[in-house]
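Next comes run.txt, with compact mmCIF, C-alpha atoms and all ligand atoms.
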```txt
# COMPACT_ATOMS: atom_id res chain seq x y z
CA MET A 1 -31.95 -8.24 5.70
CA LEU A 2 -28.89 -9.73 4.07
CA GLY A 3 -28.18 -8.38 0.61
CA ASN A 4 -27.65 -10.68 -2.36
CA PHE A 5 -24.17 -11.99 -2.96
CA THR A 6 -22.00 -14.55 -4.67
CA TYR A 7 -19.44 -16.16 -2.43
CA CYS A 8 -16.28 -17.92 -3.53
CA ASN A 9 -12.84 -18.15 -2.02
CA PRO A 10 -10.39 -19.87 -4.35
CA THR A 11 -7.34 -19.89 -2.05
CA LYS A 12 -6.30 -23.33 -0.84
CA LEU A 13 -4.81 -23.35 2.66
CA TYR A 14 -2.20 -25.60 4.21
CA PHE A 15 -2.27 -25.09 7.97
CA GLY A 16 -0.10 -26.42 10.81
CA LYS A 17 3.41 -27.53 11.68
CA GLU A 18 3.85 -29.52 8.44
CA ALA A 19 2.12 -26.96 6.22
CA LEU A 20 5.23 -26.17 4.19
CA ASP A 21 5.02 -29.67 2.69
CA GLY A 22 2.03 -28.30 0.82
CA LEU A 23 4.52 -26.68 -1.56
CA ASN A 24 5.38 -30.14 -2.88
CA ALA A 25 1.76 -30.59 -3.90
CA GLU A 26 1.36 -27.12 -5.37
CA LEU A 27 4.60 -26.30 -7.16
CA PRO A 28 4.31 -28.99 -9.86
CA LYS A 29 1.15 -27.24 -11.11
CA TYR A 30 3.15 -24.25 -12.31
CA GLY A 31 5.99 -23.49 -14.74
CA LYS A 32 9.70 -23.84 -14.08
CA ASN A 33 10.66 -20.22 -13.35
CA VAL A 34 9.75 -19.17 -9.84
CA LEU A 35 10.25 -15.63 -8.55
CA LEU A 36 10.81 -15.87 -4.79
CA VAL A 37 9.68 -12.61 -3.18
CA TYR A 38 10.63 -11.71 0.40
CA GLY A 39 11.30 -8.81 2.73
CA GLY A 40 14.26 -7.42 4.63
CA GLY A 41 15.84 -10.69 5.66
CA SER A 42 13.90 -12.14 8.62
CA ILE A 43 13.36 -15.35 6.63
CA LYS A 44 17.12 -15.81 6.29
CA LYS A 45 17.66 -15.40 10.04
CA ASN A 46 14.91 -17.81 11.10
CA GLY A 47 15.70 -20.53 8.56
CA ILE A 48 12.48 -20.37 6.52
CA TYR A 49 14.42 -19.24 3.44
CA ASP A 50 16.63 -22.37 3.45
CA LYS A 51 13.62 -24.66 3.83
CA VAL A 52 11.77 -22.99 0.95
CA ILE A 53 14.82 -22.99 -1.34
CA LYS A 54 15.32 -26.71 -0.74
CA ILE A 55 11.72 -27.52 -1.68
CA LEU A 56 11.94 -25.30 -4.79
CA LYS A 57 15.15 -27.05 -5.90
CA ASP A 58 13.75 -30.51 -5.09
CA ASN A 59 10.87 -29.64 -7.40
CA GLY A 60 13.28 -28.74 -10.19
CA LYS A 61 12.48 -25.03 -10.25
CA ASN A 62 14.71 -22.24 -11.54
CA VAL A 63 14.70 -19.82 -8.64
CA PHE A 64 14.97 -16.06 -9.14
CA GLU A 65 14.78 -13.64 -6.24
CA ASP A 66 13.12 -10.33 -5.56
CA ALA A 67 14.20 -9.39 -2.03
CA GLY A 68 13.90 -6.25 0.09
CA VAL A 69 10.15 -5.73 0.00
CA MET A 70 9.68 -3.16 2.73
CA PRO A 71 6.79 -2.82 5.18
CA ASN A 72 4.25 -0.63 3.34
CA PRO A 73 5.59 -1.59 -0.13
CA THR A 74 6.08 1.25 -2.58
CA THR A 75 5.48 1.99 -6.25
CA GLU A 76 9.27 2.30 -6.72
CA LYS A 77 9.80 -1.22 -5.43
CA LEU A 78 6.99 -2.44 -7.67
CA ALA A 79 8.70 -0.95 -10.72
CA GLU A 80 11.91 -2.75 -9.75
CA GLY A 81 10.01 -6.03 -9.27
CA ILE A 82 8.44 -5.78 -12.72
CA VAL A 83 11.91 -5.63 -14.27
CA ARG A 84 13.07 -8.62 -12.23
CA ALA A 85 9.99 -10.70 -13.01
CA LYS A 86 10.32 -9.94 -16.72
CA SER A 87 13.99 -10.83 -16.89
CA ALA A 88 13.29 -14.06 -14.99
CA LYS A 89 10.37 -14.87 -17.32
CA ALA A 90 8.55 -15.76 -14.12
CA ASP A 91 5.86 -18.43 -14.39
CA PHE A 92 5.00 -18.25 -10.72
CA ILE A 93 5.50 -15.83 -7.82
CA LEU A 94 6.12 -17.27 -4.36
CA ALA A 95 5.68 -14.70 -1.59
CA VAL A 96 7.42 -15.60 1.67
CA GLY A 97 6.73 -13.03 4.37
CA GLY A 98 4.00 -10.92 5.91
CA GLY A 99 1.20 -8.86 4.46
CA SER A 100 3.60 -6.48 2.77
CA VAL A 101 5.33 -9.25 0.80
CA CYS A 102 2.03 -10.91 -0.02
CA ASP A 103 0.32 -7.65 -1.07
CA TYR A 104 3.32 -6.65 -3.17
CA SER A 105 3.37 -10.04 -4.88
CA LYS A 106 -0.27 -9.67 -5.85
CA ALA A 107 0.43 -6.21 -7.25
CA LEU A 108 3.38 -7.64 -9.14
CA SER A 109 1.31 -10.53 -10.48
CA VAL A 110 -1.04 -8.07 -12.24
CA SER A 111 1.62 -5.53 -13.20
CA VAL A 112 4.28 -7.51 -15.06
CA ASN A 113 2.17 -7.73 -18.22
CA CYS A 114 0.16 -4.55 -17.67
CA LYS A 115 0.34 -2.11 -20.59
CA GLU A 116 -0.49 0.92 -18.45
CA ASP A 117 0.94 2.45 -15.28
CA PRO A 118 -0.17 -0.06 -12.61
CA TRP A 119 -0.53 2.64 -9.93
CA ASP A 120 -2.97 4.66 -12.04
CA LYS A 121 -4.85 1.64 -13.30
CA TYR A 122 -5.23 -0.39 -10.12
CA PHE A 123 -4.83 2.03 -7.23
CA ILE A 124 -6.30 5.27 -8.58
CA ARG A 125 -8.90 3.99 -11.06
CA PHE A 126 -9.51 0.66 -9.24
CA GLU A 127 -9.72 -1.28 -12.50
CA GLU A 128 -9.41 -5.04 -12.70
CA PRO A 129 -6.51 -6.53 -14.67
CA ASP A 130 -7.02 -7.17 -18.38
CA CYS A 131 -3.57 -8.67 -18.94
CA LYS A 132 -2.11 -12.09 -18.26
CA ILE A 133 -1.82 -12.53 -14.47
CA ILE A 134 1.19 -14.41 -13.10
CA PRO A 135 -0.18 -16.84 -10.51
CA MET A 136 1.12 -16.41 -6.97
CA GLY A 137 1.16 -18.34 -3.72
CA CYS A 138 2.15 -17.37 -0.20
CA VAL A 139 4.11 -18.70 2.76
CA LEU A 140 2.97 -16.49 5.62
CA THR A 141 5.39 -15.39 8.36
CA MET A 142 3.49 -12.51 10.00
CA VAL A 143 -0.13 -12.66 11.09
CA GLY A 144 -2.67 -9.88 10.79
CA THR A 145 -3.60 -8.65 7.35
CA GLY A 146 -5.54 -11.62 5.99
CA SER A 147 -3.68 -11.07 2.71
CA GLU A 148 -3.06 -14.82 2.57
CA MET A 149 -6.69 -15.49 1.61
CA ASN A 150 -7.98 -12.31 0.01
CA GLY A 151 -7.50 -10.09 -3.03
CA GLY A 152 -6.24 -7.09 -1.07
CA SER A 153 -3.07 -5.32 -2.12
CA VAL A 154 -2.01 -2.10 -0.42
CA ILE A 155 0.68 -0.01 -2.11
CA THR A 156 2.23 3.29 -1.04
CA ASN A 157 3.06 6.11 -3.43
CA ASN A 158 5.57 8.25 -1.51
CA GLY A 159 5.60 11.02 -4.12
CA GLN A 160 1.84 11.46 -3.90
CA LYS A 161 1.72 10.74 -0.13
CA LEU A 162 -0.97 8.14 -0.71
CA LYS A 163 -1.32 4.61 0.59
CA ILE A 164 -4.13 2.83 -1.22
CA GLY A 165 -5.55 -0.66 -1.16
CA HIS A 166 -7.21 -2.34 -4.10
CA VAL A 167 -9.35 -5.36 -3.33
CA PHE A 168 -8.88 -7.40 -6.49
CA ASP A 169 -11.30 -10.03 -7.67
CA TYR A 170 -10.84 -13.79 -7.23
CA SER A 171 -8.37 -14.11 -10.10
CA VAL A 172 -5.73 -12.32 -8.02
CA PHE A 173 -6.19 -14.23 -4.73
CA PRO A 174 -3.20 -16.42 -3.80
CA LYS A 175 -3.58 -19.84 -5.41
CA PHE A 176 -2.56 -21.30 -2.06
CA SER A 177 -1.19 -20.17 1.27
CA VAL A 178 1.00 -22.00 3.73
CA LEU A 179 0.16 -21.17 7.35
CA ASN A 180 2.55 -22.59 9.93
CA PRO A 181 2.03 -20.83 13.29
CA GLU A 182 5.61 -21.70 14.28
CA PHE A 183 6.86 -19.47 11.45
CA THR A 184 5.52 -16.50 13.43
CA PHE A 185 7.40 -17.32 16.65
CA THR A 186 10.35 -15.07 15.75
CA LEU A 187 8.21 -11.96 15.29
CA PRO A 188 9.16 -9.11 17.62
CA LYS A 189 6.44 -8.42 20.21
CA TYR A 190 5.72 -5.03 18.64
CA GLN A 191 4.82 -6.72 15.34
CA MET A 192 2.85 -9.47 17.03
CA VAL A 193 0.58 -7.09 18.91
CA ALA A 194 0.27 -4.77 15.90
CA GLY A 195 -0.94 -7.80 13.95
CA ILE A 196 -3.38 -8.72 16.70
CA TYR A 197 -4.95 -5.28 16.56
CA ASP A 198 -5.04 -5.37 12.77
CA ILE A 199 -7.15 -8.54 13.02
CA MET A 200 -9.40 -6.95 15.64
CA CYS A 201 -9.86 -3.84 13.56
CA HIS A 202 -10.71 -5.83 10.41
CA ILE A 203 -13.55 -7.39 12.35
CA TYR A 204 -14.68 -4.01 13.71
CA GLU A 205 -14.68 -2.51 10.22
CA GLN A 206 -17.20 -5.11 9.12
CA TYR A 207 -19.17 -5.25 12.39
CA PHE A 208 -19.76 -1.56 13.12
CA SER A 209 -22.06 -0.92 10.20
CA GLY A 210 -25.74 -1.57 9.64
CA GLU A 211 -28.48 -2.51 12.07
CA ASP A 212 -29.70 -5.63 10.28
CA ASP A 213 -30.02 -8.95 12.02
CA ASN A 214 -27.31 -11.00 10.36
CA THR A 215 -25.19 -14.08 10.94
CA SER A 216 -21.99 -12.14 10.28
CA ASP A 217 -22.28 -10.20 13.52
CA TYR A 218 -22.46 -13.43 15.53
CA ILE A 219 -19.43 -14.81 13.67
CA SER A 220 -17.59 -11.55 14.32
CA GLU A 221 -18.34 -11.63 18.03
CA GLY A 222 -17.06 -15.21 18.22
CA LEU A 223 -13.88 -14.30 16.34
CA LEU A 224 -13.31 -11.32 18.63
CA ARG A 225 -13.77 -13.40 21.79
CA SER A 226 -11.35 -16.02 20.51
CA LEU A 227 -8.84 -13.32 19.55
CA ILE A 228 -8.96 -11.60 22.95
CA HIS A 229 -8.57 -14.94 24.74
CA SER A 230 -5.64 -16.12 22.61
CA ALA A 231 -3.94 -12.72 22.50
CA ASP A 232 -3.85 -12.58 26.30
CA ILE A 233 -2.06 -15.95 26.32
CA ALA A 234 0.32 -15.07 23.47
CA VAL A 235 1.37 -11.78 25.04
CA GLU A 236 2.38 -13.67 28.21
CA ASN A 237 3.95 -16.56 26.31
CA PRO A 238 4.65 -15.86 22.61
CA LEU A 239 5.71 -19.50 22.09
CA ASP A 240 2.29 -20.90 23.05
CA TYR A 241 1.45 -22.83 19.89
CA GLU A 242 -2.24 -23.15 20.67
CA ALA A 243 -2.69 -19.41 21.13
CA ARG A 244 -0.56 -18.47 18.12
CA SER A 245 -2.37 -20.97 15.90
CA ASN A 246 -5.77 -19.64 16.99
CA ILE A 247 -4.64 -16.08 16.29
CA MET A 248 -3.37 -17.09 12.86
CA TRP A 249 -6.65 -18.77 11.94
CA THR A 250 -8.70 -15.86 13.31
CA ALA A 251 -6.69 -13.45 11.16
CA THR A 252 -7.53 -15.41 8.04
CA TRP A 253 -11.25 -15.53 8.83
CA ALA A 254 -11.33 -11.88 9.83
CA LEU A 255 -10.57 -10.79 6.29
CA ASN A 256 -11.12 -13.60 3.83
CA THR A 257 -14.33 -11.89 2.63
CA LEU A 258 -16.74 -14.17 4.55
CA VAL A 259 -17.94 -11.83 7.29
CA ALA A 260 -18.58 -8.95 4.89
CA MET A 261 -20.99 -10.97 2.76
CA GLY A 262 -24.41 -9.43 2.39
CA LYS A 263 -23.83 -6.55 4.79
CA SER A 264 -22.51 -3.00 4.76
CA THR A 265 -19.03 -2.27 6.12
CA ASP A 266 -17.20 0.76 7.48
CA TRP A 267 -13.38 0.75 6.82
CA MET A 268 -12.90 4.31 8.05
CA VAL A 269 -10.26 3.41 10.66
CA HIS A 270 -8.22 1.89 7.83
CA MET A 271 -8.56 5.10 5.84
CA PHE A 272 -7.15 7.06 8.80
CA GLY A 273 -4.44 4.44 9.25
CA GLN A 274 -3.44 4.39 5.59
CA SER A 275 -3.09 8.15 5.60
CA VAL A 276 -0.85 7.95 8.67
CA GLY A 277 1.13 5.18 6.96
CA ALA A 278 1.64 7.32 3.85
CA HIS A 279 3.01 10.20 5.94
CA THR A 280 5.06 8.29 8.53
CA ASN A 281 5.70 4.76 7.22
CA ALA A 282 4.54 3.51 10.65
CA THR A 283 3.55 -0.12 11.31
CA HIS A 284 0.06 -0.72 9.93
CA GLY A 285 -1.60 -2.17 13.05
CA MET A 286 -0.28 0.69 15.20
CA THR A 287 -1.65 3.31 12.82
CA LEU A 288 -5.06 1.75 13.48
CA SER A 289 -4.77 1.47 17.26
CA ALA A 290 -3.58 5.09 17.54
CA VAL A 291 -6.76 6.53 15.98
CA SER A 292 -9.35 3.96 17.05
CA MET A 293 -10.51 5.35 20.38
CA ALA A 294 -11.10 8.86 19.02
CA TYR A 295 -12.98 7.45 16.03
CA TYR A 296 -15.15 4.92 17.86
CA ARG A 297 -16.06 7.39 20.65
CA ARG A 298 -17.16 9.83 17.95
CA ILE A 299 -19.40 7.39 16.07
CA LEU A 300 -20.79 5.62 19.15
CA PRO A 301 -23.97 7.76 19.40
CA TYR A 302 -24.85 6.92 15.78
CA GLY A 303 -24.48 3.17 16.24
CA LEU A 304 -25.52 2.97 19.85
CA LYS A 305 -27.41 -0.32 19.63
CA LYS A 306 -24.44 -2.13 18.07
CA PHE A 307 -21.92 -0.61 20.49
CA ALA A 308 -24.07 -1.72 23.45
CA ARG A 309 -24.34 -5.23 22.00
CA PHE A 310 -20.55 -5.22 21.45
CA ALA A 311 -19.99 -4.24 25.10
CA VAL A 312 -22.08 -7.13 26.38
CA ASN A 313 -21.21 -9.87 23.88
CA VAL A 314 -17.51 -9.13 23.41
CA TRP A 315 -16.32 -7.45 26.60
CA GLY A 316 -18.73 -9.05 29.08
CA VAL A 317 -20.21 -5.77 30.34
CA ASN A 318 -23.18 -6.34 32.67
CA PRO A 319 -26.05 -4.21 31.30
CA GLU A 320 -28.27 -4.45 34.37
CA GLY A 321 -29.56 -1.11 35.61
CA LYS A 322 -27.60 0.85 32.99
CA SER A 323 -28.70 2.94 30.04
CA GLN A 324 -27.72 1.81 26.53
CA THR A 325 -25.20 4.66 26.36
CA GLU A 326 -23.61 3.68 29.68
CA VAL A 327 -23.28 0.07 28.51
CA ALA A 328 -21.80 1.11 25.16
CA GLU A 329 -19.31 3.49 26.78
CA GLU A 330 -18.27 0.86 29.29
CA GLY A 331 -17.54 -1.48 26.36
CA LEU A 332 -15.21 1.04 24.75
CA LYS A 333 -13.49 1.62 28.10
CA ALA A 334 -12.89 -2.12 28.44
CA MET A 335 -11.53 -2.22 24.89
CA GLU A 336 -9.19 0.73 25.58
CA ALA A 337 -7.87 -0.85 28.80
CA TRP A 338 -7.18 -4.10 26.95
CA MET A 339 -5.41 -2.33 24.12
CA LYS A 340 -3.12 -0.58 26.61
CA LYS A 341 -2.52 -3.84 28.46
CA ILE A 342 -1.27 -5.73 25.40
CA GLY A 343 1.08 -2.86 24.48
CA LEU A 344 -0.54 -1.13 21.51
CA VAL A 345 0.40 2.40 20.48
CA MET A 346 -2.48 4.61 21.65
CA ASN A 347 -1.55 7.96 20.11
CA LEU A 348 -0.20 9.37 16.86
CA THR A 349 2.57 11.37 18.50
CA GLU A 350 4.36 8.12 19.25
CA LEU A 351 4.25 7.35 15.51
CA GLY A 352 5.91 10.66 14.62
CA VAL A 353 2.81 12.70 13.76
CA THR A 354 2.94 16.39 14.67
CA GLU A 355 0.24 19.04 14.55
CA ASP A 356 1.65 20.67 11.42
CA MET A 357 1.00 17.42 9.55
CA LEU A 358 -2.76 17.43 10.15
CA ASP A 359 -3.78 19.17 6.90
CA GLY A 360 -1.73 16.73 4.86
CA LEU A 361 -3.18 13.78 6.75
CA VAL A 362 -6.74 14.96 6.09
CA LYS A 363 -5.93 15.33 2.39
CA SER A 364 -4.64 11.77 2.19
CA THR A 365 -7.70 10.28 3.93
CA ALA A 366 -10.32 8.73 1.68
CA VAL A 367 -13.90 8.99 2.96
CA LYS A 368 -15.94 5.81 3.20
CA THR A 369 -19.69 5.99 3.53
CA GLY A 370 -20.72 2.59 4.93
CA GLY A 371 -20.23 3.37 8.63
CA TYR A 372 -22.61 4.83 11.19
CA LYS A 373 -21.56 8.41 10.44
CA VAL A 374 -20.05 9.83 7.28
CA LEU A 375 -17.31 12.19 8.44
CA ASP A 376 -16.53 15.50 6.73
CA ALA A 377 -13.02 16.98 6.47
CA LYS A 378 -13.44 18.97 9.69
CA GLU A 379 -14.40 15.86 11.65
CA ILE A 380 -11.56 13.86 10.11
CA ARG A 381 -9.14 16.56 11.26
CA GLU A 382 -10.65 16.45 14.74
CA VAL A 383 -10.19 12.67 14.96
CA PHE A 384 -6.52 13.05 13.98
CA LYS A 385 -6.08 15.92 16.47
CA GLU A 386 -7.74 14.01 19.31
CA SER A 387 -5.42 11.08 18.52
CA LEU A 388 -2.18 13.06 18.88
O1 LIG A 401 10.95 -7.68 6.00
P1 LIG A 401 11.29 -8.70 7.00
O2 LIG A 401 12.73 -8.77 7.33
O3 LIG A 401 10.70 -10.05 6.69
O4 LIG A 401 10.63 -8.22 8.41
C1 LIG A 401 9.24 -8.08 8.59
C2 LIG A 401 8.80 -6.62 8.69
O5 LIG A 401 9.83 -5.81 9.18
C3 LIG A 401 8.89 -8.62 9.94
N1 LIG A 401 8.60 -10.05 9.93
C4 LIG A 401 7.68 -10.69 9.19
N2 LIG A 401 7.65 -11.99 9.52
C5 LIG A 401 8.60 -12.17 10.49
C6 LIG A 401 9.20 -10.92 10.74
N3 LIG A 401 10.18 -10.77 11.66
C7 LIG A 401 10.58 -11.86 12.33
N4 LIG A 401 10.01 -13.08 12.17
C8 LIG A 401 9.02 -13.27 11.26
N5 LIG A 401 8.45 -14.49 11.15
O6 LIG A 401 7.71 -7.93 10.32
C9 LIG A 401 7.73 -6.63 9.77
C10 LIG A 401 6.36 -6.29 9.26
O7 LIG A 401 6.01 -7.10 8.16
P2 LIG A 401 4.81 -6.67 7.20
O8 LIG A 401 4.65 -7.69 6.16
O9 LIG A 401 4.99 -5.25 6.78
O10 LIG A 401 3.56 -6.68 8.22
P3 LIG A 401 2.04 -6.98 7.96
O11 LIG A 401 1.80 -8.41 7.76
O12 LIG A 401 1.33 -6.30 9.05
O13 LIG A 401 1.70 -6.25 6.56
C11 LIG A 401 1.45 -4.87 6.52
C12 LIG A 401 1.01 -4.44 5.14
O14 LIG A 401 -0.21 -5.09 4.75
C13 LIG A 401 -1.19 -4.09 4.39
C14 LIG A 401 -0.78 -2.93 5.28
O15 LIG A 401 -1.36 -1.72 4.88
C15 LIG A 401 0.71 -2.94 5.15
O16 LIG A 401 1.13 -2.33 3.95
N6 LIG A 401 -2.56 -4.62 4.58
C16 LIG A 401 -3.01 -5.53 3.71
C17 LIG A 401 -4.32 -5.98 3.73
C18 LIG A 401 -4.86 -6.97 2.78
N7 LIG A 401 -4.09 -7.49 1.87
O17 LIG A 401 -6.03 -7.30 2.82
C19 LIG A 401 -5.30 -5.47 4.70
C20 LIG A 401 -4.67 -4.79 5.86
O18 LIG A 401 -5.63 -3.96 6.45
C21 LIG A 401 -3.46 -3.99 5.55
O19 LIG A 401 -3.81 -2.73 5.07
ZN ZN A 402 -5.59 -3.83 8.39
```

Write the structure described by the file as structure tokens, please.
Ligand code: NZQ
Ligand code: ZN
Amino acid sequence: MLGNFTYCNPTKLYFGKEALDGLNAELPKYGKNVLLVYGGGSIKKNGIYDKVIKILKDNGKNVFEDAGVMPNPTTEKLAEGIVRAKSAKADFILAVGGGSVCDYSKALSVSVNCKEDPWDKYFIRFEEPDCKIIPMGCVLTMVGTGSEMNGGSVITNNGQKLKIGHVFDYSVFPKFSVLNPEFTFTLPKYQMVAGIYDIMCHIYEQYFSGEDDNTSDYISEGLLRSLIHSADIAVENPLDYEARSNIMWTATWALNTLVAMGKSTDWMVHMFGQSVGAHTNATHGMTLSAVSMAYYRRILPYGLKKFARFAVNVWGVNPEGKSQTEVAEEGLKAMEAWMKKIGLVMNLTELGVTEDMLDGLVKSTAVKTGGYKVLDAKEIREVFKESL
């Protein structure tokens, strides 16, 4: 049975080749001082920066910049951004980049006027903001996280070796997001496939939990089938607009809160992945792919019915004459073969993890209880070890 819920998604989306024009409709709604937030410079190389600056100037904005947001943005960078946003008297934050830039901008939007240490308040105590929030919008250049239409913000504290995500309420969602699939054409293949697996894993995290009959599982299976189909095309031809646009749209739906409504969710692969990220600074999607097979094989017996359904409905396994376990295991085999085919990282060693890091990794892994099996510290260690 579906649980009770209230559903609202306040982010307005502009999608397609002309999506950037949406800025002309949105920018006049906000004050004059715009803090433009971006990463390590990809937007300067591919020309997106120039296009955005022109629109900001055409709209009479005073543009201030906060550049150099790194993948897996840190508390140190956040502290620097707070100073910049304050000195700019920022009325609006425009994030131009991937999930890291978008997540960081959300964190900044609730930190500039925060009276306490934002890390402790938002990422340790998971409190909602009680200060004035600076509104933010996003121009997305990397597909995967869903940050463009959700309240998620993942920040890394290097000193504490913790990478933690806070899912903020609707007040922190981007006011709008600009999604032009062509803006993702310059992504290196490594980032593209990491993003594809991030999308896939977001769907898994919400699908592999609960035995109820619910609409979400059917939506999830449809999203997964579309993703697999389009990813196969995009890996062969990264400039295929149709495939890249479908992947972009799937990413948004995979984590814009819809499929989680009224049902339990897992999120344990992300807890493993965030721990790996905190210790290695590896690419998010690859931290998930590297631990997934060990984790899903371990929980399969506890969610057998769902794993068998997954095998048939997502991977096209023929169940005839086979036991439920055989069907479920065949599904995971098909998934593993596909992951290898598209070029995902399938072990932690490749991400720089060594055996002497296992205790630290276990310590940095939060335990979620919504999945088919709640893992204890020993089992968490085993999953990491099996993933080396
Ligand atoms: O910094 P620049 O130079 O822009 O380069 C970036 C970065 O090196 C590059 N890139 C982005 N767009 C590009 C491009 N290169 C060429 N052409 C383009 N069009 O790609 C690299 C990775 O970017 P990043 O933003 O780090 O990737 P992603 O979008 O995967 O974001 C990862 C972060 O999001 C968090 C992750 O934990 C990680 O910190 N997540 C956020 C979530 C959310 N808000 O709901 C959920 C996710 O599960 C995830 O945890
Ligand atoms: Zn993710």

Produce as a ChimeraX atom specification the set of residues near ligand LIG 401 (chain A), where near means within 7 Å with all atoms listed in the file considered.
-> /A:38-43,46,68-73,97-101,103,141-147,150-155,165,183-188,191,195,198,202,255,270,274,283-285

Got time to write the residues from that selection, C-alpha atoms, as a PDB file, in the frame of the given file?
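Final file, out11.pdb:
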```
ATOM      1  CA  TYR A  38      10.630 -11.710   0.400  1.00  0.00           C
ATOM      2  CA  GLY A  39      11.300  -8.810   2.730  1.00  0.00           C
ATOM      3  CA  GLY A  40      14.260  -7.420   4.630  1.00  0.00           C
ATOM      4  CA  GLY A  41      15.840 -10.690   5.660  1.00  0.00           C
ATOM      5  CA  SER A  42      13.900 -12.140   8.620  1.00  0.00           C
ATOM      6  CA  ILE A  43      13.360 -15.350   6.630  1.00  0.00           C
ATOM      7  CA  ASN A  46      14.910 -17.810  11.100  1.00  0.00           C
ATOM      8  CA  GLY A  68      13.900  -6.250   0.090  1.00  0.00           C
ATOM      9  CA  VAL A  69      10.150  -5.730   0.000  1.00  0.00           C
ATOM     10  CA  MET A  70       9.680  -3.160   2.730  1.00  0.00           C
ATOM     11  CA  PRO A  71       6.790  -2.820   5.180  1.00  0.00           C
ATOM     12  CA  ASN A  72       4.250  -0.630   3.340  1.00  0.00           C
ATOM     13  CA  PRO A  73       5.590  -1.590  -0.130  1.00  0.00           C
ATOM     14  CA  GLY A  97       6.730 -13.030   4.370  1.00  0.00           C
ATOM     15  CA  GLY A  98       4.000 -10.920   5.910  1.00  0.00           C
ATOM     16  CA  GLY A  99       1.200  -8.860   4.460  1.00  0.00           C
ATOM     17  CA  SER A 100       3.600  -6.480   2.770  1.00  0.00           C
ATOM     18  CA  VAL A 101       5.330  -9.250   0.800  1.00  0.00           C
ATOM     19  CA  ASP A 103       0.320  -7.650  -1.070  1.00  0.00           C
ATOM     20  CA  THR A 141       5.390 -15.390   8.360  1.00  0.00           C
ATOM     21  CA  MET A 142       3.490 -12.510  10.000  1.00  0.00           C
ATOM     22  CA  VAL A 143      -0.130 -12.660  11.090  1.00  0.00           C
ATOM     23  CA  GLY A 144      -2.670  -9.880  10.790  1.00  0.00           C
ATOM     24  CA  THR A 145      -3.600  -8.650   7.350  1.00  0.00           C
ATOM     25  CA  GLY A 146      -5.540 -11.620   5.990  1.00  0.00           C
ATOM     26  CA  SER A 147      -3.680 -11.070   2.710  1.00  0.00           C
ATOM     27  CA  ASN A 150      -7.980 -12.310   0.010  1.00  0.00           C
ATOM     28  CA  GLY A 151      -7.500 -10.090  -3.030  1.00  0.00           C
ATOM     29  CA  GLY A 152      -6.240  -7.090  -1.070  1.00  0.00           C
ATOM     30  CA  SER A 153      -3.070  -5.320  -2.120  1.00  0.00           C
ATOM     31  CA  VAL A 154      -2.010  -2.100  -0.420  1.00  0.00           C
ATOM     32  CA  ILE A 155       0.680  -0.010  -2.110  1.00  0.00           C
ATOM     33  CA  GLY A 165      -5.550  -0.660  -1.160  1.00  0.00           C
ATOM     34  CA  PHE A 183       6.860 -19.470  11.450  1.00  0.00           C
ATOM     35  CA  THR A 184       5.520 -16.500  13.430  1.00  0.00           C
ATOM     36  CA  PHE A 185       7.400 -17.320  16.650  1.00  0.00           C
ATOM     37  CA  THR A 186      10.350 -15.070  15.750  1.00  0.00           C
ATOM     38  CA  LEU A 187       8.210 -11.960  15.290  1.00  0.00           C
ATOM     39  CA  PRO A 188       9.160  -9.110  17.620  1.00  0.00           C
ATOM     40  CA  GLN A 191       4.820  -6.720  15.340  1.00  0.00           C
ATOM     41  CA  GLY A 195      -0.940  -7.800  13.950  1.00  0.00           C
ATOM     42  CA  ASP A 198      -5.040  -5.370  12.770  1.00  0.00           C
ATOM     43  CA  HIS A 202     -10.710  -5.830  10.410  1.00  0.00           C
ATOM     44  CA  LEU A 255     -10.570 -10.790   6.290  1.00  0.00           C
ATOM     45  CA  HIS A 270      -8.220   1.890   7.830  1.00  0.00           C
ATOM     46  CA  GLN A 274      -3.440   4.390   5.590  1.00  0.00           C
ATOM     47  CA  THR A 283       3.550  -0.120  11.310  1.00  0.00           C
ATOM     48  CA  HIS A 284       0.060  -0.720   9.930  1.00  0.00           C
ATOM     49  CA  GLY A 285      -1.600  -2.170  13.050  1.00  0.00           C
TER      50      GLY A 285
END
```

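With atom CA of A:Lys161 on one side and atom CA of A:Leu358 on the other, the separation reads 13.1 Å.
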
Would you mind listing what lies within 6 Å of A:Val259 as a PyMOL selection string, with all atoms listed in the file counted and same-chain residues fewer than 2 positions away left out?
-> chain A and resi 216+257+261

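The two atoms in question, atom CA of A:Lys340 and atom CA of A:Ile203, are spaced 18.9 Å apart.
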
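Between A:Phe173 and the residues A:Cys8, A:Val317, A:Leu332, A:Ile55, the shortest atom-to-atom distance, using only C-alpha atoms, involves A:Cys8.
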
For stretch 236-245 of chain A, list every protein, DNA or RNA residue within 10 Å, evaluated using only C-alpha atoms, and leave out those in the same chain fewer than 5 positions away; present the list as an NGL selection string.
-> :A and (15-17 or 143 or 179-182 or 184-189 or 192 or 226-227 or 229-231 or 250-251 or 342)

Could you state the separation of atom CA of A:Trp249 and atom CA of A:Ile228 in Å, given to one decimal place?
-> 13.3 Å

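Among A:Trp119, A:Tyr204, A:Tyr296, A:Tyr302, the residue with the shortest atom-to-atom distance to ligand ZN 402 (chain A), counting all atoms listed in the file, is A:Tyr204.
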
For stretch 371-388 of chain A: contacts at 10 Å, only C-alpha atoms, fewer than 2 positions along chain excluded, given as a VMD selection string | chain A and resid 205 to 211 264 to 268 272 276 289 to 304 306 346 to 355 357 to 363 365 to 369

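Restricting the calculation to only C-alpha atoms and all ligand atoms, the smallest distance between ligand ZN 402 (chain A) and any of A:Pro319, A:Gly159, A:Gly370, A:Gly277 is found for A:Gly277.
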